[in-house]
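Visitor: So that you have it, the file is coords11.pdb, and it contains PDB, C-alpha atoms, pLDDT in the B column:
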```
ATOM      1  CA  MET A   1     -15.012 -54.868  14.813  1.00 66.00           C
ATOM      2  CA  ASN A   2     -17.686 -54.525  12.144  1.00 75.00           C
ATOM      3  CA  PHE A   3     -19.398 -51.810  14.235  1.00 72.00           C
ATOM      4  CA  LEU A   4     -16.132 -49.821  14.449  1.00 69.00           C
ATOM      5  CA  LYS A   5     -15.531 -49.974  10.673  1.00 72.00           C
ATOM      6  CA  LYS A   6     -19.067 -48.773   9.911  1.00 76.00           C
ATOM      7  CA  ASN A   7     -18.890 -45.857  12.343  1.00 82.00           C
ATOM      8  CA  ILE A   8     -15.266 -44.709  12.024  1.00 83.00           C
ATOM      9  CA  VAL A   9     -16.321 -41.399  10.453  1.00 80.00           C
ATOM     10  CA  TYR A  10     -18.515 -40.634  13.461  1.00 81.00           C
ATOM     11  CA  PHE A  11     -15.691 -41.449  15.877  1.00 78.00           C
ATOM     12  CA  VAL A  12     -13.287 -39.150  14.015  1.00 80.00           C
ATOM     13  CA  LEU A  13     -15.853 -36.347  13.996  1.00 81.00           C
ATOM     14  CA  LEU A  14     -16.475 -36.865  17.709  1.00 81.00           C
ATOM     15  CA  ILE A  15     -12.728 -36.654  18.453  1.00 82.00           C
ATOM     16  CA  VAL A  16     -12.374 -33.468  16.364  1.00 77.00           C
ATOM     17  CA  LEU A  17     -15.411 -31.929  18.076  1.00 78.00           C
ATOM     18  CA  LEU A  18     -14.026 -32.787  21.522  1.00 79.00           C
ATOM     19  CA  ALA A  19     -10.643 -31.313  20.571  1.00 75.00           C
ATOM     20  CA  VAL A  20     -12.308 -28.077  19.450  1.00 73.00           C
ATOM     21  CA  MET A  21     -14.290 -27.833  22.680  1.00 77.00           C
ATOM     22  CA  LEU A  22     -11.556 -28.861  25.123  1.00 81.00           C
ATOM     23  CA  ILE A  23      -8.283 -27.496  23.700  1.00 85.00           C
ATOM     24  CA  LYS A  24      -8.248 -23.701  24.090  1.00 81.00           C
ATOM     25  CA  PRO A  25      -5.843 -22.783  21.215  1.00 81.00           C
ATOM     26  CA  VAL A  26      -7.829 -24.951  18.811  1.00 76.00           C
ATOM     27  CA  ARG A  27     -11.114 -23.489  20.093  1.00 78.00           C
ATOM     28  CA  ASP A  28      -9.789 -19.904  19.696  1.00 78.00           C
ATOM     29  CA  PHE A  29      -8.537 -20.591  16.184  1.00 77.00           C
ATOM     30  CA  VAL A  30     -11.836 -22.145  15.067  1.00 72.00           C
ATOM     31  CA  THR A  31     -13.835 -19.318  16.644  1.00 73.00           C
ATOM     32  CA  GLU A  32     -11.731 -16.676  14.894  1.00 73.00           C
ATOM     33  CA  GLN A  33     -12.041 -18.455  11.553  1.00 72.00           C
ATOM     34  CA  MET A  34     -15.780 -18.871  11.862  1.00 69.00           C
ATOM     35  CA  ALA A  35     -16.330 -15.283  12.946  1.00 67.00           C
ATOM     36  CA  MET A  36     -14.004 -14.061  10.188  1.00 62.00           C
ATOM     37  CA  SER A  37     -13.082 -11.167  12.408  1.00 59.00           C
ATOM     38  CA  PRO A  38      -9.454 -10.148  12.134  1.00 60.00           C
ATOM     39  CA  THR A  39      -7.596  -9.317  15.274  1.00 59.00           C
ATOM     40  CA  VAL A  40      -6.608  -5.731  16.002  1.00 54.00           C
ATOM     41  CA  GLU A  41      -2.976  -6.783  15.650  1.00 58.00           C
ATOM     42  CA  LYS A  42      -3.605  -8.232  12.187  1.00 57.00           C
ATOM     43  CA  VAL A  43      -5.437  -5.093  11.019  1.00 51.00           C
ATOM     44  CA  ASN A  44      -2.631  -2.895  12.372  1.00 54.00           C
ATOM     45  CA  ASN A  45       0.028  -5.018  10.658  1.00 58.00           C
ATOM     46  CA  GLU A  46      -1.776  -4.709   7.343  1.00 65.00           C
ATOM     47  CA  THR A  47      -2.428  -0.981   7.555  1.00 85.00           C
ATOM     48  CA  MET A  48       0.743   0.331   9.214  1.00 91.00           C
ATOM     49  CA  LEU A  49       4.012   0.880   7.385  1.00 93.00           C
ATOM     50  CA  SER A  50       6.983   0.658   9.723  1.00 92.00           C
ATOM     51  CA  ASP A  51      10.337   2.376   9.261  1.00 92.00           C
ATOM     52  CA  ASP A  52      11.687  -0.979   8.040  1.00 94.00           C
ATOM     53  CA  VAL A  53       9.130  -1.056   5.208  1.00 95.00           C
ATOM     54  CA  LEU A  54       9.831   2.577   4.336  1.00 95.00           C
ATOM     55  CA  ASN A  55      13.617   2.188   4.519  1.00 96.00           C
ATOM     56  CA  ILE A  56      14.169   2.738   0.796  1.00 97.00           C
ATOM     57  CA  ASP A  57      17.052   4.803  -0.550  1.00 98.00           C
ATOM     58  CA  LEU A  58      15.731   7.099  -3.259  1.00 98.00           C
ATOM     59  CA  LYS A  59      17.761   8.774  -5.987  1.00 98.00           C
ATOM     60  CA  GLY A  60      16.210  12.153  -6.726  1.00 98.00           C
ATOM     61  CA  ILE A  61      15.551  12.876 -10.382  1.00 98.00           C
ATOM     62  CA  ASN A  62      14.220  16.434 -10.061  1.00 98.00           C
ATOM     63  CA  THR A  63      14.869  16.757  -6.322  1.00 98.00           C
ATOM     64  CA  THR A  64      17.518  15.774  -3.796  1.00 98.00           C
ATOM     65  CA  SER A  65      18.109  12.124  -2.974  1.00 98.00           C
ATOM     66  CA  THR A  66      16.662  10.873   0.313  1.00 98.00           C
ATOM     67  CA  ASN A  67      15.411   7.847   2.197  1.00 97.00           C
ATOM     68  CA  LEU A  68      11.654   7.312   2.081  1.00 97.00           C
ATOM     69  CA  LYS A  69      11.388   6.926   5.864  1.00 95.00           C
ATOM     70  CA  SER A  70      12.720  10.487   6.278  1.00 96.00           C
ATOM     71  CA  LEU A  71       9.489  11.771   4.690  1.00 94.00           C
ATOM     72  CA  ARG A  72       7.423  10.587   7.665  1.00 89.00           C
ATOM     73  CA  GLY A  73       5.826  13.145   9.919  1.00 89.00           C
ATOM     74  CA  LYS A  74       3.564  14.571   7.248  1.00 92.00           C
ATOM     75  CA  VAL A  75       0.920  12.888   5.155  1.00 96.00           C
ATOM     76  CA  LEU A  76       2.735  11.179   2.257  1.00 97.00           C
ATOM     77  CA  LEU A  77       1.504  10.503  -1.260  1.00 98.00           C
ATOM     78  CA  LEU A  78       3.605   7.575  -2.487  1.00 98.00           C
ATOM     79  CA  ASN A  79       3.103   6.691  -6.136  1.00 98.00           C
ATOM     80  CA  PHE A  80       4.720   3.914  -8.190  1.00 98.00           C
ATOM     81  CA  TRP A  81       4.608   4.633 -11.911  1.00 98.00           C
ATOM     82  CA  GLY A  82       6.503   4.368 -15.184  1.00 97.00           C
ATOM     83  CA  THR A  83       6.921   6.448 -18.324  1.00 97.00           C
ATOM     84  CA  TRP A  84       6.014   3.276 -20.267  1.00 97.00           C
ATOM     85  CA  CYS A  85       2.620   3.030 -18.485  1.00 97.00           C
ATOM     86  CA  PRO A  86      -0.343   4.733 -20.276  1.00 97.00           C
ATOM     87  CA  PRO A  87      -2.586   4.868 -17.149  1.00 97.00           C
ATOM     88  CA  CYS A  88       0.321   6.440 -15.222  1.00 97.00           C
ATOM     89  CA  ARG A  89       0.706   9.117 -17.875  1.00 97.00           C
ATOM     90  CA  THR A  90      -3.042   9.755 -17.760  1.00 97.00           C
ATOM     91  CA  GLU A  91      -3.058  10.417 -14.019  1.00 97.00           C
ATOM     92  CA  TRP A  92       0.079  12.610 -13.970  1.00 98.00           C
ATOM     93  CA  PRO A  93      -1.693  15.960 -14.638  1.00 98.00           C
ATOM     94  CA  THR A  94      -3.996  15.355 -11.670  1.00 98.00           C
ATOM     95  CA  ILE A  95      -1.055  14.513  -9.395  1.00 98.00           C
ATOM     96  CA  GLN A  96       0.687  17.712 -10.531  1.00 98.00           C
ATOM     97  CA  LYS A  97      -2.462  19.698  -9.740  1.00 98.00           C
ATOM     98  CA  LEU A  98      -2.706  18.046  -6.306  1.00 98.00           C
ATOM     99  CA  TYR A  99       0.966  18.840  -5.709  1.00 98.00           C
ATOM    100  CA  ASP A 100       0.448  22.487  -6.660  1.00 98.00           C
ATOM    101  CA  LEU A 101      -2.507  22.741  -4.257  1.00 97.00           C
ATOM    102  CA  LYS A 102      -1.286  20.657  -1.291  1.00 97.00           C
ATOM    103  CA  LYS A 103       2.531  20.578  -1.318  1.00 97.00           C
ATOM    104  CA  ASP A 104       2.553  22.576   1.928  1.00 96.00           C
ATOM    105  CA  LYS A 105       0.491  19.869   3.683  1.00 95.00           C
ATOM    106  CA  VAL A 106       1.604  16.664   1.960  1.00 97.00           C
ATOM    107  CA  GLU A 107       4.960  15.088   1.108  1.00 97.00           C
ATOM    108  CA  PHE A 108       5.130  13.636  -2.401  1.00 98.00           C
ATOM    109  CA  ALA A 109       7.307  10.746  -3.545  1.00 98.00           C
ATOM    110  CA  LEU A 110       6.711   9.389  -7.032  1.00 98.00           C
ATOM    111  CA  ILE A 111       8.942   6.412  -7.711  1.00 98.00           C
ATOM    112  CA  ALA A 112       9.617   5.579 -11.342  1.00 98.00           C
ATOM    113  CA  MET A 113       9.712   1.818 -11.808  1.00 97.00           C
ATOM    114  CA  GLN A 114      11.362  -0.186 -14.587  1.00 95.00           C
ATOM    115  CA  ASP A 115      12.514   3.064 -16.190  1.00 96.00           C
ATOM    116  CA  LYS A 116      15.752   4.615 -17.362  1.00 96.00           C
ATOM    117  CA  GLU A 117      16.726   7.842 -15.638  1.00 97.00           C
ATOM    118  CA  GLU A 118      17.055   9.735 -18.935  1.00 97.00           C
ATOM    119  CA  ASP A 119      13.515   8.674 -19.991  1.00 97.00           C
ATOM    120  CA  VAL A 120      12.103   9.962 -16.702  1.00 98.00           C
ATOM    121  CA  LYS A 121      13.963  13.286 -17.003  1.00 98.00           C
ATOM    122  CA  LYS A 122      12.730  13.708 -20.583  1.00 98.00           C
ATOM    123  CA  PHE A 123       9.114  12.955 -19.570  1.00 98.00           C
ATOM    124  CA  LEU A 124       9.216  15.469 -16.705  1.00 98.00           C
ATOM    125  CA  LYS A 125      10.817  18.180 -18.836  1.00 98.00           C
ATOM    126  CA  GLU A 126       8.448  17.735 -21.801  1.00 98.00           C
ATOM    127  CA  ASN A 127       5.411  18.066 -19.532  1.00 98.00           C
ATOM    128  CA  ASN A 128       6.767  20.679 -17.085  1.00 98.00           C
ATOM    129  CA  TYR A 129       6.077  18.394 -14.117  1.00 98.00           C
ATOM    130  CA  THR A 130       7.612  19.467 -10.806  1.00 98.00           C
ATOM    131  CA  VAL A 131       6.361  16.778  -8.411  1.00 98.00           C
ATOM    132  CA  PRO A 132       9.359  15.118  -6.670  1.00 98.00           C
ATOM    133  CA  VAL A 133      10.346  11.999  -8.613  1.00 98.00           C
ATOM    134  CA  TYR A 134      12.768   9.318  -7.525  1.00 98.00           C
ATOM    135  CA  ILE A 135      14.225   6.001  -8.563  1.00 98.00           C
ATOM    136  CA  ALA A 136      14.506   3.401  -5.809  1.00 97.00           C
ATOM    137  CA  GLU A 137      18.083   2.374  -5.125  1.00 97.00           C
ATOM    138  CA  SER A 138      17.255  -0.301  -2.585  1.00 95.00           C
ATOM    139  CA  PRO A 139      14.758  -3.177  -2.721  1.00 96.00           C
ATOM    140  CA  LEU A 140      11.095  -2.529  -2.003  1.00 96.00           C
ATOM    141  CA  ASP A 141       9.454  -4.377   0.851  1.00 94.00           C
ATOM    142  CA  PRO A 142       6.838  -6.863  -0.433  1.00 93.00           C
ATOM    143  CA  LYS A 143       4.259  -5.021   1.683  1.00 93.00           C
ATOM    144  CA  ILE A 144       4.374  -2.027  -0.696  1.00 94.00           C
ATOM    145  CA  LEU A 145       5.744  -3.608  -3.858  1.00 94.00           C
ATOM    146  CA  PRO A 146       3.168  -2.783  -6.535  1.00 95.00           C
ATOM    147  CA  SER A 147       1.497  -5.523  -8.534  1.00 93.00           C
ATOM    148  CA  ALA A 148      -0.145  -3.030 -10.920  1.00 95.00           C
ATOM    149  CA  PHE A 149       0.764   0.387 -12.236  1.00 96.00           C
ATOM    150  CA  PRO A 150       0.096   2.973 -11.151  1.00 97.00           C
ATOM    151  CA  THR A 151      -0.181   2.134  -7.459  1.00 97.00           C
ATOM    152  CA  THR A 152      -0.618   5.003  -5.043  1.00 97.00           C
ATOM    153  CA  TYR A 153      -0.635   5.086  -1.256  1.00 97.00           C
ATOM    154  CA  LEU A 154      -1.790   7.976   0.872  1.00 97.00           C
ATOM    155  CA  ILE A 155       0.046   7.405   4.156  1.00 96.00           C
ATOM    156  CA  GLY A 156      -0.731   9.187   7.421  1.00 95.00           C
ATOM    157  CA  LYS A 157       1.778  10.928   9.666  1.00 94.00           C
ATOM    158  CA  ASP A 158       1.988   7.809  11.833  1.00 92.00           C
ATOM    159  CA  GLY A 159       2.629   5.426   8.906  1.00 94.00           C
ATOM    160  CA  ARG A 160      -0.973   4.195   8.612  1.00 94.00           C
ATOM    161  CA  ILE A 161      -2.210   3.549   5.067  1.00 95.00           C
ATOM    162  CA  LEU A 162      -5.138   5.932   4.664  1.00 95.00           C
ATOM    163  CA  LYS A 163      -5.867   5.066   1.029  1.00 95.00           C
ATOM    164  CA  LYS A 164      -4.466   2.694  -1.561  1.00 95.00           C
ATOM    165  CA  GLU A 165      -5.317   2.910  -5.229  1.00 96.00           C
ATOM    166  CA  ASP A 166      -4.189   0.238  -7.716  1.00 95.00           C
ATOM    167  CA  SER A 167      -5.250   2.090 -10.825  1.00 94.00           C
ATOM    168  CA  SER A 168      -5.252   5.500 -12.417  1.00 96.00           C
ATOM    169  CA  MET A 169      -7.490   8.095 -10.804  1.00 96.00           C
ATOM    170  CA  ASP A 170      -8.129  11.820 -10.655  1.00 96.00           C
ATOM    171  CA  TRP A 171      -6.104  12.956  -7.624  1.00 97.00           C
ATOM    172  CA  SER A 172      -7.326  16.535  -7.970  1.00 96.00           C
ATOM    173  CA  LYS A 173     -11.036  15.886  -7.511  1.00 96.00           C
ATOM    174  CA  ASP A 174     -12.837  17.624  -4.661  1.00 95.00           C
ATOM    175  CA  SER A 175     -13.377  14.479  -2.581  1.00 95.00           C
ATOM    176  CA  ILE A 176      -9.605  13.810  -2.485  1.00 95.00           C
ATOM    177  CA  LEU A 177      -8.832  17.437  -1.640  1.00 96.00           C
ATOM    178  CA  GLU A 178     -11.359  17.358   1.212  1.00 95.00           C
ATOM    179  CA  PHE A 179      -9.981  14.031   2.446  1.00 95.00           C
ATOM    180  CA  ILE A 180      -6.465  15.456   2.512  1.00 96.00           C
ATOM    181  CA  ASP A 181      -7.665  18.564   4.332  1.00 95.00           C
ATOM    182  CA  ASN A 182      -9.278  16.327   6.970  1.00 94.00           C
ATOM    183  CA  VAL A 183      -6.254  14.087   7.544  1.00 94.00           C
ATOM    184  CA  THR A 184      -3.746  16.962   7.637  1.00 93.00           C
ATOM    185  CA  LYS A 185      -5.508  18.955  10.375  1.00 88.00           C
TER     186      LYS A 185
END
```
Could you take the file, read its structure, and then write that structure out as structure tokens?
Guide:
Amino acid sequence: MNFLKKNIVYFVLLIVLLAVMLIKPVRDFVTEQMAMSPTVEKVNNETMLSDDVLNIDLKGINTTSTNLKSLRGKVLLLNFWGTWCPPCRTEWPTIQKLYDLKKDKVEFALIAMQDKEEDVKKFLKENNYTVPVYIAESPLDPKILPSAFPTTYLIGKDGRILKKEDSSMDWSKDSILEFIDNVTK
């Protein structure tokens, strides 16, 4: 009995080791965790936006109302912003420039968050912005719900997230224009 008490840790480790070696689901799980290699299914789930995720009714502010999933089929620039957000205001001129250059190749949906409709209309009018702006009328799926503003997704024709940016950036720079040209071919 004394021998068993002194070596209990070794017996437990031996049992765990045998379980890992002999039980296939446990072995597969441990191998995946040690390799830290995500499965193809997991990568696809994290990078693809299904119709369910994009099923968001949008009230058009300077455009007609629609459902976000109806914008699939073209590359989509989806931006979450607010008039109250200084970094959002900073990036707006570059989004307008991108819109002016690529509106024939890319769908644009800028969703104003935590904003009053009249504030959004005033902001657009004062700055002569023409990019399509909406207010979401249905809940956002947690998969795309922003945790920072602005948050922008560039989504491929098939619903794959091509780029995600959780901060303000220059959307009119040459590297972005070239990227869009490549993914819209």
Visitor: Could you list, as a list in words, every residue within 12 Å of Leu54 of chain A, counting all atoms listed in the file and ignoring same-chain residues fewer than 4 positions away?
Guide: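 Once the nearby chain positions are removed, what remains is Met48, Leu49, Ser50, Leu58, Thr66, Asn67, Leu68, Lys69, Ser70, Leu71, Arg72, Leu76, Leu78, Ala109, Ala136, Ser138, Pro139, Leu140, Asp141, Pro142, Lys143, Ile144, Leu145, Ile155, Gly159 and Arg160 of chain A.
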Visitor: For the structure shown, which residues end up in the PyMOL selection byres ((chain A and resi 81-85) around 8)? Put them as a list in words, please?
Guide: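 Written out, the selection comes to Asn79, Phe80, Pro86, Pro87, Cys88, Arg89, Leu110, Ile111, Ala112, Met113, Gln114, Asp115, Asp119, Val120, Phe123, Phe149, Pro150 and Thr151 of chain A.
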Visitor: Step by step, work through what the PyMOL selection byres ((chain A and resi 176) around 12) selects in the shown file, and finish by giving those residues as a VMD selection string.
Guide: chain A and resid 77 94 to 95 97 to 98 101 to 102 154 162 to 163 169 to 175 177 to 183
Visitor: How would the residues just picked look written out with C-alpha atoms as a compact mmCIF listing (two decimals), in the coordinates of the input?
Guide:
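And here is the file that came out, part.txt:
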```
# COMPACT_ATOMS: atom_id res chain seq x y z
CA LEU A 77 1.50 10.50 -1.26
CA THR A 94 -4.00 15.36 -11.67
CA ILE A 95 -1.06 14.51 -9.40
CA LYS A 97 -2.46 19.70 -9.74
CA LEU A 98 -2.71 18.05 -6.31
CA LEU A 101 -2.51 22.74 -4.26
CA LYS A 102 -1.29 20.66 -1.29
CA LEU A 154 -1.79 7.98 0.87
CA LEU A 162 -5.14 5.93 4.66
CA LYS A 163 -5.87 5.07 1.03
CA MET A 169 -7.49 8.10 -10.80
CA ASP A 170 -8.13 11.82 -10.66
CA TRP A 171 -6.10 12.96 -7.62
CA SER A 172 -7.33 16.54 -7.97
CA LYS A 173 -11.04 15.89 -7.51
CA ASP A 174 -12.84 17.62 -4.66
CA SER A 175 -13.38 14.48 -2.58
CA LEU A 177 -8.83 17.44 -1.64
CA GLU A 178 -11.36 17.36 1.21
CA PHE A 179 -9.98 14.03 2.45
CA ILE A 180 -6.46 15.46 2.51
CA ASP A 181 -7.66 18.56 4.33
CA ASN A 182 -9.28 16.33 6.97
CA VAL A 183 -6.25 14.09 7.54
```
Visitor: Return the single residue from A:Asp104, A:Asp52, A:Lys59, A:Leu14 that is closest to Val75 of chain A, with distances computed using all atoms listed in the file.
Guide: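 Of the candidates, the smallest distance to Val75 of chain A is held by A:Asp104.
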Visitor: Could you check how far atom CA of Lys121 of chain A sits from atom CA of Asp100 of chain A, in Å to one decimal?
Guide: 19.3 Å
Visitor: What does the structure give for the distance between atom CA of Glu91 of chain A and atom CA of Asp51 of chain A, in Å to one decimal?
Guide: 28.0 Å
Visitor: Take the PyMOL selection byres ((chain A and resi 130-132) around 6), apply it to the structure above, and return the hits as a tab-separated table (two decimals) with C-alpha atoms, keeping the file's coordinate frame.
Guide:
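Once written, expr15.tsv looks like this:
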```tsv
chain	number	residue	atom	x	y	z
A	63	THR	CA	14.87	16.76	-6.32
A	109	ALA	CA	7.31	10.75	-3.54
A	129	TYR	CA	6.08	18.39	-14.12
A	133	VAL	CA	10.35	12.00	-8.61
```
Visitor: May I ask for the distance between atom CA of Lys164 of chain A and atom CA of Ile56 of chain A, given in Å to one decimal place?
Guide: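 So the answer is 18.8 Å.
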